[in-house]
>>> print(open('model01.pdb').read())   # PDB, C-alpha atoms and all ligand atoms
ATOM      1  CA  MET B 163       0.000   0.000   0.000  1.00  0.00           C
ATOM      2  CA  LEU B 164       1.150   3.558  -0.712  1.00  0.00           C
ATOM      3  CA  LYS B 165       2.400   5.553   2.236  1.00  0.00           C
ATOM      4  CA  LEU B 166       1.741   9.281   2.130  1.00  0.00           C
ATOM      5  CA  TYR B 167       3.911  11.554   4.274  1.00  0.00           C
ATOM      6  CA  SER B 168       2.044  14.766   4.882  1.00  0.00           C
ATOM      7  CA  ASN B 169       0.483  16.888   7.569  1.00  0.00           C
ATOM      8  CA  TYR B 170      -2.973  18.311   7.900  1.00  0.00           C
ATOM      9  CA  LEU B 171      -2.010  21.836   6.741  1.00  0.00           C
ATOM     10  CA  ASN B 172       0.214  20.628   3.904  1.00  0.00           C
ATOM     11  CA  SER B 173      -1.588  22.072   0.888  1.00  0.00           C
ATOM     12  CA  ALA B 174       0.730  20.374  -1.621  1.00  0.00           C
ATOM     13  CA  GLY B 175      -0.153  17.137   0.185  1.00  0.00           C
ATOM     14  CA  GLN B 176      -3.838  18.010  -0.091  1.00  0.00           C
ATOM     15  CA  ARG B 177      -3.474  17.875  -3.898  1.00  0.00           C
ATOM     16  CA  VAL B 178      -2.308  14.284  -3.586  1.00  0.00           C
ATOM     17  CA  ARG B 179      -4.981  13.387  -1.036  1.00  0.00           C
ATOM     18  CA  ILE B 180      -7.670  14.648  -3.443  1.00  0.00           C
ATOM     19  CA  ALA B 181      -6.207  12.614  -6.312  1.00  0.00           C
ATOM     20  CA  LEU B 182      -6.026   9.457  -4.213  1.00  0.00           C
ATOM     21  CA  ALA B 183      -9.618   9.953  -3.072  1.00  0.00           C
ATOM     22  CA  LEU B 184     -10.893  10.640  -6.609  1.00  0.00           C
ATOM     23  CA  LYS B 185      -9.257   7.409  -7.754  1.00  0.00           C
ATOM     24  CA  SER B 186     -10.444   5.520  -4.646  1.00  0.00           C
ATOM     25  CA  LEU B 187      -6.904   4.411  -3.893  1.00  0.00           C
ATOM     26  CA  PRO B 188      -6.254   3.265  -0.338  1.00  0.00           C
ATOM     27  CA  TYR B 189      -3.116   4.590   1.354  1.00  0.00           C
ATOM     28  CA  GLU B 190      -1.473   4.882   4.735  1.00  0.00           C
ATOM     29  CA  TYR B 191      -1.294   8.464   6.017  1.00  0.00           C
ATOM     30  CA  ILE B 192       1.853   9.181   7.982  1.00  0.00           C
ATOM     31  CA  ALA B 193       1.808  12.493   9.829  1.00  0.00           C
ATOM     32  CA  VAL B 194       5.324  13.880   9.684  1.00  0.00           C
ATOM     33  CA  SER B 195       4.771  15.480  13.085  1.00  0.00           C
ATOM     34  CA  LYS B 196       4.375  11.993  14.533  1.00  0.00           C
ATOM     35  CA  ILE B 197       7.616  10.571  13.158  1.00  0.00           C
ATOM     36  CA  GLY B 198       9.650  13.739  13.752  1.00  0.00           C
ATOM     37  CA  TRP B 199      11.633  16.018  11.513  1.00  0.00           C
ATOM     38  CA  ASP B 200      14.964  14.184  11.745  1.00  0.00           C
ATOM     39  CA  ALA B 201      13.386  10.893  10.760  1.00  0.00           C
ATOM     40  CA  TYR B 202      11.504  12.543   7.906  1.00  0.00           C
ATOM     41  CA  GLN B 203      14.604  14.223   6.532  1.00  0.00           C
ATOM     42  CA  LYS B 204      16.248  10.806   6.286  1.00  0.00           C
ATOM     43  CA  ILE B 205      13.217   9.573   4.345  1.00  0.00           C
ATOM     44  CA  ASN B 206      12.929  12.669   2.119  1.00  0.00           C
ATOM     45  CA  PRO B 207      16.131  14.751   2.052  1.00  0.00           C
ATOM     46  CA  GLN B 208      14.213  17.576   0.317  1.00  0.00           C
ATOM     47  CA  ARG B 209      12.568  18.214   3.723  1.00  0.00           C
ATOM     48  CA  LEU B 210       9.287  19.035   2.033  1.00  0.00           C
ATOM     49  CA  MET B 211       5.891  17.426   2.240  1.00  0.00           C
ATOM     50  CA  PRO B 212       4.329  15.516   0.629  1.00  0.00           C
ATOM     51  CA  ALA B 213       6.271  12.422  -0.318  1.00  0.00           C
ATOM     52  CA  ILE B 214       4.964   8.967  -1.036  1.00  0.00           C
ATOM     53  CA  GLU B 215       6.634   5.660  -0.487  1.00  0.00           C
ATOM     54  CA  VAL B 216       6.055   2.929  -3.054  1.00  0.00           C
ATOM     55  CA  ASN B 217       7.668  -0.458  -2.461  1.00  0.00           C
ATOM     56  CA  GLY B 218      10.225   1.179  -0.179  1.00  0.00           C
ATOM     57  CA  GLN B 219      11.099   3.915  -2.704  1.00  0.00           C
ATOM     58  CA  ILE B 220      10.361   7.579  -2.037  1.00  0.00           C
ATOM     59  CA  ILE B 221       8.802   9.954  -4.562  1.00  0.00           C
ATOM     60  CA  PRO B 222       9.078  13.614  -3.506  1.00  0.00           C
ATOM     61  CA  GLN B 223       7.186  16.586  -4.989  1.00  0.00           C
ATOM     62  CA  ALA B 224       3.429  16.635  -5.401  1.00  0.00           C
ATOM     63  CA  THR B 225       3.498  16.931  -9.195  1.00  0.00           C
ATOM     64  CA  ALA B 226       5.777  13.908  -9.596  1.00  0.00           C
ATOM     65  CA  ILE B 227       3.515  11.997  -7.218  1.00  0.00           C
ATOM     66  CA  LEU B 228       0.377  12.962  -9.140  1.00  0.00           C
ATOM     67  CA  GLU B 229       1.992  11.932 -12.412  1.00  0.00           C
ATOM     68  CA  TYR B 230       2.986   8.585 -10.915  1.00  0.00           C
ATOM     69  CA  ILE B 231      -0.550   8.008  -9.633  1.00  0.00           C
ATOM     70  CA  GLU B 232      -2.075   9.023 -12.966  1.00  0.00           C
ATOM     71  CA  GLU B 233       0.268   6.751 -14.943  1.00  0.00           C
ATOM     72  CA  THR B 234      -0.021   3.712 -12.696  1.00  0.00           C
ATOM     73  CA  CYS B 235      -3.738   4.015 -11.850  1.00  0.00           C
ATOM     74  CA  PRO B 236      -5.423   5.054 -15.081  1.00  0.00           C
ATOM     75  CA  GLN B 237      -8.907   4.427 -13.681  1.00  0.00           C
ATOM     76  CA  ARG B 238     -10.781   7.698 -13.180  1.00  0.00           C
ATOM     77  CA  PRO B 239      -8.251   9.796 -15.167  1.00  0.00           C
ATOM     78  CA  LEU B 240      -7.438  13.206 -13.765  1.00  0.00           C
ATOM     79  CA  LEU B 241      -6.127  14.639 -17.023  1.00  0.00           C
ATOM     80  CA  PRO B 242      -8.407  15.217 -20.033  1.00  0.00           C
ATOM     81  CA  ALA B 243      -7.993  12.757 -22.930  1.00  0.00           C
ATOM     82  CA  ASP B 244      -7.344  15.448 -25.533  1.00  0.00           C
ATOM     83  CA  PRO B 245      -3.596  16.372 -25.643  1.00  0.00           C
ATOM     84  CA  LEU B 246      -4.303  20.070 -26.001  1.00  0.00           C
ATOM     85  CA  LEU B 247      -6.671  20.097 -23.028  1.00  0.00           C
ATOM     86  CA  ARG B 248      -4.195  17.993 -21.032  1.00  0.00           C
ATOM     87  CA  ALA B 249      -1.523  20.589 -21.669  1.00  0.00           C
ATOM     88  CA  ARG B 250      -3.880  23.390 -20.674  1.00  0.00           C
ATOM     89  CA  ALA B 251      -4.839  21.617 -17.456  1.00  0.00           C
ATOM     90  CA  ARG B 252      -1.147  21.076 -16.672  1.00  0.00           C
ATOM     91  CA  GLY B 253      -0.332  24.714 -17.432  1.00  0.00           C
ATOM     92  CA  PHE B 254      -3.142  25.839 -15.124  1.00  0.00           C
ATOM     93  CA  ALA B 255      -1.876  23.583 -12.338  1.00  0.00           C
ATOM     94  CA  GLN B 256       1.763  24.495 -12.821  1.00  0.00           C
ATOM     95  CA  PHE B 257       0.926  28.162 -12.474  1.00  0.00           C
ATOM     96  CA  ILE B 258      -0.462  27.389  -9.013  1.00  0.00           C
ATOM     97  CA  THR B 259       2.515  25.275  -7.945  1.00  0.00           C
ATOM     98  CA  SER B 260       5.274  27.488  -9.361  1.00  0.00           C
ATOM     99  CA  GLU B 261       3.926  31.019  -9.398  1.00  0.00           C
ATOM    100  CA  MET B 262       1.609  31.033  -6.373  1.00  0.00           C
ATOM    101  CA  HIS B 263       2.347  28.281  -3.866  1.00  0.00           C
ATOM    102  CA  ALA B 264       6.142  28.350  -4.209  1.00  0.00           C
ATOM    103  CA  VAL B 265       6.443  32.016  -3.298  1.00  0.00           C
ATOM    104  CA  ASP B 266       4.032  31.886  -0.377  1.00  0.00           C
ATOM    105  CA  VAL B 267       5.079  28.793   1.577  1.00  0.00           C
ATOM    106  CA  ILE B 268       5.968  29.205   5.220  1.00  0.00           C
ATOM    107  CA  SER B 269       9.723  28.795   4.600  1.00  0.00           C
ATOM    108  CA  VAL B 270       9.638  31.828   2.264  1.00  0.00           C
ATOM    109  CA  ARG B 271       7.541  33.860   4.699  1.00  0.00           C
ATOM    110  CA  ARG B 272       9.855  32.922   7.560  1.00  0.00           C
ATOM    111  CA  PHE B 273      12.864  34.044   5.529  1.00  0.00           C
ATOM    112  CA  LEU B 274      11.147  37.341   4.743  1.00  0.00           C
ATOM    113  CA  ALA B 275      10.289  37.903   8.404  1.00  0.00           C
ATOM    114  CA  ASN B 276      13.426  36.618  10.098  1.00  0.00           C
ATOM    115  CA  ASP B 277      16.223  37.245   7.609  1.00  0.00           C
ATOM    116  CA  LEU B 278      14.971  40.265   5.703  1.00  0.00           C
ATOM    117  CA  GLY B 279      13.123  41.937   8.591  1.00  0.00           C
ATOM    118  CA  VAL B 280       9.796  42.227   6.759  1.00  0.00           C
ATOM    119  CA  THR B 281       7.035  43.355   9.150  1.00  0.00           C
ATOM    120  CA  GLN B 282       3.737  41.533   9.732  1.00  0.00           C
ATOM    121  CA  ASP B 283       2.034  44.129   7.499  1.00  0.00           C
ATOM    122  CA  GLY B 284       4.631  43.457   4.817  1.00  0.00           C
ATOM    123  CA  ILE B 285       4.007  39.725   5.016  1.00  0.00           C
ATOM    124  CA  GLU B 286       0.261  40.285   4.672  1.00  0.00           C
ATOM    125  CA  LEU B 287       0.872  42.476   1.643  1.00  0.00           C
ATOM    126  CA  TRP B 288       3.033  39.664   0.235  1.00  0.00           C
ATOM    127  CA  HIS B 289       0.148  37.177   0.610  1.00  0.00           C
ATOM    128  CA  ARG B 290      -2.410  39.494  -0.865  1.00  0.00           C
ATOM    129  CA  HIS B 291      -0.143  40.323  -3.806  1.00  0.00           C
ATOM    130  CA  TRP B 292       0.556  36.725  -4.834  1.00  0.00           C
ATOM    131  CA  PHE B 293      -2.985  35.485  -4.242  1.00  0.00           C
ATOM    132  CA  ALA B 294      -4.489  38.400  -6.214  1.00  0.00           C
ATOM    133  CA  ARG B 295      -1.987  38.219  -9.052  1.00  0.00           C
ATOM    134  CA  GLY B 296      -2.445  34.475  -9.328  1.00  0.00           C
ATOM    135  CA  PHE B 297      -6.215  34.212  -9.058  1.00  0.00           C
ATOM    136  CA  THR B 298      -6.717  37.187 -11.395  1.00  0.00           C
ATOM    137  CA  ALA B 299      -4.702  35.379 -14.063  1.00  0.00           C
ATOM    138  CA  LEU B 300      -6.474  32.047 -13.512  1.00  0.00           C
ATOM    139  CA  GLU B 301      -9.932  33.656 -13.593  1.00  0.00           C
ATOM    140  CA  ALA B 302      -9.078  35.438 -16.850  1.00  0.00           C
ATOM    141  CA  LEU B 303      -7.724  32.223 -18.300  1.00  0.00           C
ATOM    142  CA  LEU B 304     -10.924  30.316 -17.497  1.00  0.00           C
ATOM    143  CA  ALA B 305     -13.001  33.128 -19.004  1.00  0.00           C
ATOM    144  CA  THR B 306     -11.341  32.465 -22.377  1.00  0.00           C
ATOM    145  CA  ARG B 307     -12.449  28.810 -22.551  1.00  0.00           C
ATOM    146  CA  GLU B 308     -14.451  27.990 -25.618  1.00  0.00           C
ATOM    147  CA  THR B 309     -16.623  25.488 -23.696  1.00  0.00           C
ATOM    148  CA  PRO B 310     -18.320  26.378 -20.400  1.00  0.00           C
ATOM    149  CA  TRP B 311     -17.362  23.148 -18.617  1.00  0.00           C
ATOM    150  CA  THR B 312     -18.675  22.607 -15.113  1.00  0.00           C
ATOM    151  CA  TYR B 313     -15.089  22.402 -13.868  1.00  0.00           C
ATOM    152  CA  CYS B 314     -11.914  23.972 -15.285  1.00  0.00           C
ATOM    153  CA  PHE B 315     -11.311  21.786 -18.343  1.00  0.00           C
ATOM    154  CA  SER B 316     -13.949  19.085 -18.093  1.00  0.00           C
ATOM    155  CA  ASN B 317     -17.330  18.259 -16.637  1.00  0.00           C
ATOM    156  CA  ASP B 318     -15.569  16.267 -13.922  1.00  0.00           C
ATOM    157  CA  PRO B 319     -13.042  17.590 -11.433  1.00  0.00           C
ATOM    158  CA  GLY B 320      -9.475  16.493 -12.152  1.00  0.00           C
ATOM    159  CA  TRP B 321      -5.882  17.686 -12.438  1.00  0.00           C
ATOM    160  CA  ALA B 322      -6.660  21.399 -12.339  1.00  0.00           C
ATOM    161  CA  GLU B 323      -8.999  21.081  -9.343  1.00  0.00           C
ATOM    162  CA  CYS B 324      -6.483  18.962  -7.391  1.00  0.00           C
ATOM    163  CA  HIS B 325      -4.309  22.083  -7.454  1.00  0.00           C
ATOM    164  CA  LEU B 326      -6.902  24.834  -7.367  1.00  0.00           C
ATOM    165  CA  ILE B 327      -8.993  23.735  -4.415  1.00  0.00           C
ATOM    166  CA  PRO B 328      -6.189  23.508  -1.800  1.00  0.00           C
ATOM    167  CA  GLN B 329      -4.890  26.922  -2.865  1.00  0.00           C
ATOM    168  CA  ILE B 330      -8.331  28.546  -2.553  1.00  0.00           C
ATOM    169  CA  GLU B 331      -9.064  26.752   0.689  1.00  0.00           C
ATOM    170  CA  LYS B 332      -5.764  27.891   2.165  1.00  0.00           C
ATOM    171  CA  GLY B 333      -6.601  31.472   1.165  1.00  0.00           C
ATOM    172  CA  LEU B 334     -10.127  31.323   2.579  1.00  0.00           C
ATOM    173  CA  SER B 335      -9.451  29.507   5.822  1.00  0.00           C
ATOM    174  CA  ARG B 336      -6.103  30.998   6.744  1.00  0.00           C
ATOM    175  CA  PHE B 337      -5.732  34.350   4.982  1.00  0.00           C
ATOM    176  CA  ALA B 338      -9.278  35.786   4.778  1.00  0.00           C
ATOM    177  CA  LEU B 339      -9.144  35.666   0.989  1.00  0.00           C
ATOM    178  CA  ASP B 340     -12.006  37.495  -0.759  1.00  0.00           C
ATOM    179  CA  MET B 341     -13.117  35.323  -3.686  1.00  0.00           C
ATOM    180  CA  SER B 342     -15.735  37.772  -5.008  1.00  0.00           C
ATOM    181  CA  PRO B 343     -13.438  39.039  -7.820  1.00  0.00           C
ATOM    182  CA  TYR B 344     -13.087  35.446  -9.064  1.00  0.00           C
ATOM    183  CA  PRO B 345     -16.624  34.095  -9.696  1.00  0.00           C
ATOM    184  CA  LEU B 346     -15.588  31.253 -12.031  1.00  0.00           C
ATOM    185  CA  LEU B 347     -12.930  29.982  -9.643  1.00  0.00           C
ATOM    186  CA  HIS B 348     -15.281  30.367  -6.704  1.00  0.00           C
ATOM    187  CA  SER B 349     -18.113  28.428  -8.295  1.00  0.00           C
ATOM    188  CA  ILE B 350     -15.724  25.569  -9.141  1.00  0.00           C
ATOM    189  CA  TYR B 351     -14.457  25.664  -5.568  1.00  0.00           C
ATOM    190  CA  GLN B 352     -17.999  25.472  -4.172  1.00  0.00           C
ATOM    191  CA  ARG B 353     -18.881  22.522  -6.403  1.00  0.00           C
ATOM    192  CA  CYS B 354     -15.747  20.635  -5.389  1.00  0.00           C
ATOM    193  CA  ALA B 355     -15.979  21.499  -1.700  1.00  0.00           C
ATOM    194  CA  ALA B 356     -19.288  19.635  -1.460  1.00  0.00           C
ATOM    195  CA  GLN B 357     -17.871  16.365  -2.836  1.00  0.00           C
ATOM    196  CA  PRO B 358     -16.654  13.460  -0.674  1.00  0.00           C
ATOM    197  CA  ALA B 359     -13.184  13.211  -2.294  1.00  0.00           C
ATOM    198  CA  PHE B 360     -12.487  16.865  -1.640  1.00  0.00           C
ATOM    199  CA  ILE B 361     -13.969  16.770   1.858  1.00  0.00           C
ATOM    200  CA  ALA B 362     -11.833  13.729   2.757  1.00  0.00           C
ATOM    201  CA  ALA B 363      -8.696  15.630   1.726  1.00  0.00           C
ATOM    202  CA  THR B 364      -9.341  18.743   3.838  1.00  0.00           C
ATOM    203  CA  PRO B 365      -7.121  19.589   6.801  1.00  0.00           C
ATOM    204  CA  ALA B 366      -9.956  18.940   9.265  1.00  0.00           C
ATOM    205  CA  GLN B 367     -10.324  15.316   8.081  1.00  0.00           C
ATOM    206  CA  GLN B 368      -6.682  14.357   8.640  1.00  0.00           C
ATOM    207  CA  PRO B 369      -5.697  12.187  11.610  1.00  0.00           C
ATOM    208  CA  ASP B 370      -3.249  14.826  12.898  1.00  0.00           C
ATOM    209  CA  TYR B 371      -5.762  17.709  12.755  1.00  0.00           C
ATOM    210  CA  PRO B 372      -5.553  19.272  16.208  1.00  0.00           C
ATOM    211  CA  GLY B 373      -9.137  20.565  16.336  1.00  0.00           C
ATOM    212  CA  GLU B 374      -8.609  24.011  14.872  1.00  0.00           C
ATOM    213  CA  LEU B 375      -6.665  25.572  12.027  1.00  0.00           C
ATOM    214  CA  ASP B 376      -3.677  27.168  13.624  1.00  0.00           C
ATOM    215  CA  GLU B 377      -1.644  29.305  11.236  1.00  0.00           C
ATOM    216  CA  PRO B 378       2.027  28.410  11.842  1.00  0.00           C
ATOM    217  CA  SER B 379       4.105  31.074  13.513  1.00  0.00           C
ATOM    218  CA  LEU B 380       6.653  32.991  11.485  1.00  0.00           C
ATOM    219  CA  GLN B 381       9.214  32.136  14.140  1.00  0.00           C
ATOM    220  CA  ARG B 382      11.769  29.681  12.895  1.00  0.00           C
ATOM    221  CA  SER B 383      10.816  26.165  13.763  1.00  0.00           C
ATOM    222  CA  ASP B 384      12.179  22.722  13.183  1.00  0.00           C
ATOM    223  CA  ASN B 385       8.826  21.207  13.948  1.00  0.00           C
ATOM    224  CA  PRO B 386       7.207  19.889  10.782  1.00  0.00           C
ATOM    225  CA  ALA B 387       3.820  20.208  12.456  1.00  0.00           C
ATOM    226  CA  ASP B 388       4.371  23.949  12.118  1.00  0.00           C
ATOM    227  CA  LEU B 389       4.288  24.097   8.346  1.00  0.00           C
TER     228      LEU B 389
HETATM  229  N1  LIG P   1       7.069  21.950  -4.641  1.00  0.00           N
HETATM  230  C1  LIG P   1       6.697  21.151  -3.500  1.00  0.00           C
HETATM  231  C2  LIG P   1       6.265  22.068  -2.395  1.00  0.00           C
HETATM  232  C3  LIG P   1       6.160  21.333  -1.114  1.00  0.00           C
HETATM  233  C4  LIG P   1       6.075  22.306   0.054  1.00  0.00           C
HETATM  234  O1  LIG P   1       6.494  23.467  -0.013  1.00  0.00           O
HETATM  235  N2  LIG P   1       5.533  21.797   1.132  1.00  0.00           N
HETATM  236  C5  LIG P   1       5.533  22.615   2.321  1.00  0.00           C
HETATM  237  C6  LIG P   1       4.219  22.528   3.020  1.00  0.00           C
HETATM  238  S1  LIG P   1       2.853  22.941   1.952  1.00  0.00           S
HETATM  239  C7  LIG P   1       6.646  22.111   3.189  1.00  0.00           C
HETATM  240  O2  LIG P   1       6.837  20.906   3.332  1.00  0.00           O
HETATM  241  N3  LIG P   1       7.418  23.020   3.749  1.00  0.00           N
HETATM  242  C8  LIG P   1       8.544  22.679   4.573  1.00  0.00           C
HETATM  243  C9  LIG P   1       9.506  23.815   4.679  1.00  0.00           C
HETATM  244  O3  LIG P   1       9.310  24.808   3.998  1.00  0.00           O
HETATM  245  O4  LIG P   1      10.459  23.689   5.454  1.00  0.00           O
HETATM  246  C10 LIG P   1       5.568  20.181  -3.875  1.00  0.00           C
HETATM  247  O5  LIG P   1       4.762  20.568  -4.727  1.00  0.00           O
HETATM  248  O6  LIG P   1       5.511  19.075  -3.325  1.00  0.00           O
END
>>> encode(input="model01.pdb", output="structure tokens", more="lines below")
Ligand SMILES: N[C@@H](CCC(=O)N[C@@H](CS)C(=O)NCC(=O)O)C(=O)O
Amino acid sequence: MLKLYSNYLNSAGQRVRIALALKSLPYEYIAVSKIGWDAYQKINPQRLMPAIEVNGQIIPQATAILEYIEETCPQRPLLPADPLLRARARGFAQFITSEMHAVDVISVRRFLANDLGVTQDGIELWHRHWFARGFTALEALLATRETPWTYCFSNDPGWAECHLIPQIEKGLSRFALDMSPYPLLHSIYQRCAAQPAFIAATPAQQPDYPGELDEPSLQRSDNPADL
């Protein structure tokens, strides 16, 4: 059985949890906070969550994991069949991973606060800037679609939603994100948020969820539960 190393707040891990749930794949959830940071770094020297273990081998990075799952478990495909739509779904998702999530993870915010002396107001401006820039571009991109699919690139949720929903949820639940400027994205979010696969992947449904969403402190921490 697959082992997934993650924690409840790990939004990159939430992408994988959604994919596993959509494909009805069973897996063992290993909360990195339970095994400890030192042990996890030996398992995944990148020191980032998620990672999965398959037959004793580790795959780091959510996108590589999703590709592995998609290639080895073709039932309930996440990517559209048409090559052009597949590429568009991948481009949509990659924008979230590379241009939004990567610049706003806690390690970046901690560096801004602790090494560059950015104030709390500055950090909030940082969030707002990257969320707004990103969601504005994604909303505009969806508005140019030639077909009004129920979801981003299909009438079923898939690759794009695995990436979109954790990013919106993180913004809404932790950073008071206002989704009103992004009606297409918001309606897709609302449709997904009501579905069992997406509910099962939320922070509150994870075994290590402590009972409330606690935004990690910007203080340096070696505790992976603080991500
Ligand atoms: N590009 C990575 C990003 C993973 C990532 O940044 N995970 C965060 C939590 S969402 C993490 O593990 N951070 C640990 C750290 O920054 O020290 C992926 O997509 O898997």
>>> closest_residue(input="model01.pdb", among="B:Gln223, B:Thr298, B:Thr312, B:Thr281", to="Met341 in chain B", atoms="all atoms listed in the file")
B:Thr298
>>> residues_near_ligand(input="model01.pdb", ligand="ligand LIG 1 (chain P)", cutoff="8 Å", atoms="only C-alpha atoms and all ligand atoms", output="JSON, numbers by chain")
{"B": [168, 171, 172, 173, 174, 175, 209, 210, 211, 212, 213, 222, 223, 224, 225, 259, 260, 263, 264, 267, 268, 269, 270, 384, 386, 389]}
>>> write_last_selection(input="model01.pdb", atoms="C-alpha atoms", output="tab-separated table (two decimals), in the frame of the given file")
chain	number	residue	atom	x	y	z
B	168	SER	CA	2.04	14.77	4.88
B	171	LEU	CA	-2.01	21.84	6.74
B	172	ASN	CA	0.21	20.63	3.90
B	173	SER	CA	-1.59	22.07	0.89
B	174	ALA	CA	0.73	20.37	-1.62
B	175	GLY	CA	-0.15	17.14	0.18
B	209	ARG	CA	12.57	18.21	3.72
B	210	LEU	CA	9.29	19.04	2.03
B	211	MET	CA	5.89	17.43	2.24
B	212	PRO	CA	4.33	15.52	0.63
B	213	ALA	CA	6.27	12.42	-0.32
B	222	PRO	CA	9.08	13.61	-3.51
B	223	GLN	CA	7.19	16.59	-4.99
B	224	ALA	CA	3.43	16.64	-5.40
B	225	THR	CA	3.50	16.93	-9.20
B	259	THR	CA	2.52	25.28	-7.94
B	260	SER	CA	5.27	27.49	-9.36
B	263	HIS	CA	2.35	28.28	-3.87
B	264	ALA	CA	6.14	28.35	-4.21
B	267	VAL	CA	5.08	28.79	1.58
B	268	ILE	CA	5.97	29.20	5.22
B	269	SER	CA	9.72	28.80	4.60
B	270	VAL	CA	9.64	31.83	2.26
B	384	ASP	CA	12.18	22.72	13.18
B	386	PRO	CA	7.21	19.89	10.78
B	389	LEU	CA	4.29	24.10	8.35
>>> closest_residue(input="model01.pdb", among="B:Phe337, B:Ile330, B:Asp200, B:Leu182", to="Leu287 in chain B", atoms="all atoms listed in the file")
B:Phe337
>>> axis_aligned_box(input="model01.pdb", around="range 229-232 of chain B", padding_each_side="3 Å", output="AutoDock Vina command-line options")
--center_x 0.5 --center_y 10.0 --center_z -11.3 --size_x 11.1 --size_y 9.9 --size_z 9.3
>>> atom_distance(input="model01.pdb", atom1="CA of Ile192 in chain B", atom2="CA of Tyr167 in chain B")
4.9 Å
>>> resolve_selection(input="model01.pdb", expression="the PyMOL selection byres (((chain B and resi 359) around 9) and not hetatm)", output="list in words")
Arg179, Ile180, Ala181, Leu182, Ala183, Leu184, Lys185, Ser186, Cys354, Ala355, Ala356, Gln357, Pro358, Phe360, Ile361, Ala362 and Ala363 of chain B
>>> closest_residue(input="model01.pdb", among="B:Gly320, B:Pro207, B:Gly279, B:Pro345", to="Phe297 in chain B", atoms="only C-alpha atoms")
B:Pro345
>>> atom_distance(input="model01.pdb", atom1="CA of Glu215 in chain B", atom2="CA of Tyr191 in chain B")
10.6 Å
>>> atom_distance(input="model01.pdb", atom1="CA of Cys324 in chain B", atom2="CA of Leu339 in chain B")
18.9 Å
>>> resolve_selection(input="model01.pdb", expression="the PyMOL selection byres (((chain B and resi 374-376) around 8) and not hetatm)", output="list in words")
Leu171, Ser335, Arg336, Pro365, Ala366, Tyr371, Pro372, Gly373, Glu377 and Pro378 of chain B
>>> residues_around(input="model01.pdb", residues="His325 in chain B", least_positions_apart="6", cutoff="7 Å", atoms="only C-alpha atoms", output="list in words")
Arg177, Ala255 and Ile258 of chain B
>>> residues_around(input="model01.pdb", residues="Asn217 in chain B", least_positions_apart="4", cutoff="10 Å", atoms="all atoms listed in the file", output="ChimeraX atom specification")
/B:163-165
>>> closest_residue(input="model01.pdb", among="B:Asn317, B:Gln256, B:Ser349, B:Thr234", to="Leu187 in chain B", atoms="all atoms listed in the file")
B:Thr234
>>> closest_residue(input="model01.pdb", among="B:Glu308, B:Asp277, B:Glu331, B:Glu301", to="Tyr344 in chain B", atoms="all atoms listed in the file")
B:Glu301
